[in-house]
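Below you'll find the structure, written out as structure tokens, and then a few comments.
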Amino acid sequence: MSTLTTTAEAPPAAPARPAYRVTGRRVLASEWAKLWSLRSTWITLGLGLLFLVAFGLIACSRYRSGSHSGHLDRDFAAATAVSLSLFGTNFAQLALGVLGVLVTAGEYSTGMIRSTLAAVPRRLPVLWSKAAVFGLVALVVGTLGAFVAFGFGSGIVSGTPAAMSLSHAGVPRSLLGAGLYLGLVGVIGVALGALLRSVAGGISVLVATFMLIPGLVSLLPSSWRDDISPYLPSNAGESLFALTHDSTALSPTAGLLVFLAWTALALAGAAYRLVRSDV
């Protein structure tokens with residue numbers, strides 16, 4: 001007599017849940033690690049800090065020598081310790097803006113963006129994290145450079161009509177405004193890199209926006225120029241750290257709002273293309 005034996009089939013194993021979930025904090029940590037793993041980050045941030053401090057000290061030294069010799073350059077006639085110390089802001093913005101472009105466009109050129117978006121399928125947290133991380137780094141570097149440049153620059157122009165101390169009205173606001181301006185320039189660079197997905201294209205648009213277009217607008221008739229010029233990104237941003245404002249310039253608050261609007265517009269364009277286009 002044969003014995004029939006049955007063996008119960010083992011139930012299928014449930015798929016293992018991933019050990020980690022994609023969270024905003026982890027995406028931020030990933031972008032922070034990627035930023036500091038690049039040699040170009042250290043070099044470009046160092047150049048930005050060097051430009052901001054070195055050109056400010058050169059301007060202060062030139063003013064002091066001209067003031068003592070009695071042959072002061074006409075462009076420096078109304079200069080202050082703040083404006084002289086922050087003379088290098090326009091050069092530092094290029095370094096920080098270019099690095100912002102590299103943060104995003106560099107991943108497209110190497111193909112690493114595919115791995116990044118495979119790990120974060122929702123995509124937009126990647127853009128927000130890149131902008132937040134680099135914007136914060138650029139803000140810290142810009143603010144540090146502004147205070148260092150003013151600290152040494154105010155000592156150089158001491159005893160001249162441009163002399164000022166940190167306790168003068170408006171000086172802390174101007175120095176903090178310079179740091180905020182450079183931080184937002186970095187965010188715009190990140191957005192341009194994500195929007196254009198090309199290092200060369202992003203840098204070209206960045207340079208045109210902050211350097212070429214203001215020069216072209218200055219060639220327009222004065223009635224047009226006075227209506228357009230204050231709302232350009234570079235001029236609106238400059239009002240953040242200018243110690244004094246004439247009738248054609250925006251106030252610091254208005255300049256901040258306009259510059260934030262330009263930053264939001266760049267991020268919105270980058271977000272739209274990131275969501276709607278394949279990588």
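We label chains A, B, ... in the order they appear in the structure tokens, count residues from 1 in each chain, and number ligands from 1 in the order shown.
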Mind running range 128-198 of chain A against range 18-41 of chain A at 8 Å and telling me each contacting residue's nearest atom pair with the distance in Å (one decimal), counting only C-alpha atoms, chain and number ascending, as CSV?
residue,atom,partner,partner_atom,distance
A:Ser129,CA,A:Leu28,CA,5.2
A:Lys130,CA,A:Glu31,CA,6.0
A:Val133,CA,A:Trp32,CA,6.3
A:Phe134,CA,A:Leu35,CA,7.8
Output for the residues just chosen: N, CA and C atoms as a PDB file, in the first residue's frame:
ATOM      1  N   SER A 129      17.400  70.848  -3.965  1.00  0.00           N
ATOM      2  CA  SER A 129      18.540  70.563  -3.098  1.00  0.00           C
ATOM      3  C   SER A 129      19.825  71.170  -3.643  1.00  0.00           C
ATOM      4  N   LYS A 130      20.036  71.064  -4.951  1.00  0.00           N
ATOM      5  CA  LYS A 130      21.227  71.664  -5.552  1.00  0.00           C
ATOM      6  C   LYS A 130      21.227  73.173  -5.340  1.00  0.00           C
ATOM      7  N   VAL A 133      21.763  73.956  -1.471  1.00  0.00           N
ATOM      8  CA  VAL A 133      23.116  73.674  -0.995  1.00  0.00           C
ATOM      9  C   VAL A 133      24.109  74.676  -1.545  1.00  0.00           C
ATOM     10  N   PHE A 134      24.096  74.871  -2.864  1.00  0.00           N
ATOM     11  CA  PHE A 134      25.083  75.794  -3.419  1.00  0.00           C
ATOM     12  C   PHE A 134      24.761  77.237  -3.079  1.00  0.00           C
TER      13      PHE A 134
END
Exercise for review: Please identify which residues in range 22-210 of chain A DSSP calls alpha helix (DSSP H) from the backbone, and express them as an MDAnalysis selection string.
Suggested key: chainID A and resid 24:37 39:69 81:85 89:110 112:119 124:156 171:196 199:207
**Study point:** Nearest candidate to Ala105 in chain A (options A:Leu274, A:Leu220, A:Leu57, A:Leu139; using only C-alpha atoms)
**Key:** A:Leu274
Review point. Of the candidates A:Leu206, A:Ile213, A:Leu124, A:Val171, which shows the shortest atom-to-atom distance to Val185 in chain A, using only C-alpha atoms?
Key: A:Leu206
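Rounded to one decimal, CA of Phe259 in chain A and CA of Gln93 in chain A lie 14.1 Å from each other.
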**Study point:** Shell of 6 Å around Gly97 in chain A, only C-alpha atoms, local chain residues under 2 positions omitted, as a PyMOL selection string
**Key:** chain A and resi 93-95+99-100+185-186+189
Write the selection just made, keeping C-alpha atoms, as a PDB file, in the first residue's frame?
ATOM      1  CA  GLN A  93      29.809  86.895  -9.078  1.00  0.00           C
ATOM      2  CA  LEU A  94      31.306  85.401 -12.226  1.00  0.00           C
ATOM      3  CA  ALA A  95      33.252  82.779 -10.283  1.00  0.00           C
ATOM      4  CA  LEU A  99      30.383  77.209 -10.398  1.00  0.00           C
ATOM      5  CA  GLY A 100      26.596  77.185 -10.017  1.00  0.00           C
ATOM      6  CA  VAL A 185      23.729  84.655  -8.225  1.00  0.00           C
ATOM      7  CA  GLY A 186      24.885  81.141  -7.381  1.00  0.00           C
ATOM      8  CA  GLY A 189      23.758  79.755 -12.047  1.00  0.00           C
TER       9      GLY A 189
END
Point to revise | Spatial neighbours of range 193-196 of chain A, max dist 12 Å, only C-alpha atoms, sep filter under 3 positions, as a PyMOL selection string | key: chain A and resi 97-109+113+123-124+126-128+130-131+186-190+199-206+265-277+279
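Among the candidate residues A:Leu184, A:Pro233, A:Asp227, A:Ala146, the one lying nearest to Leu212 in chain A is A:Pro233, with distances computed using only C-alpha atoms.
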Review point. Quick one: residues within 9 Å of range 179-183 of chain A, only C-alpha atoms counted, chain neighbours fewer than 4 positions away excluded, as number ranges by chain?
Key: A: 89, 92-93, 96-97, 134-146, 174-175, 187-188, 237-238, 240-241, 256, 259
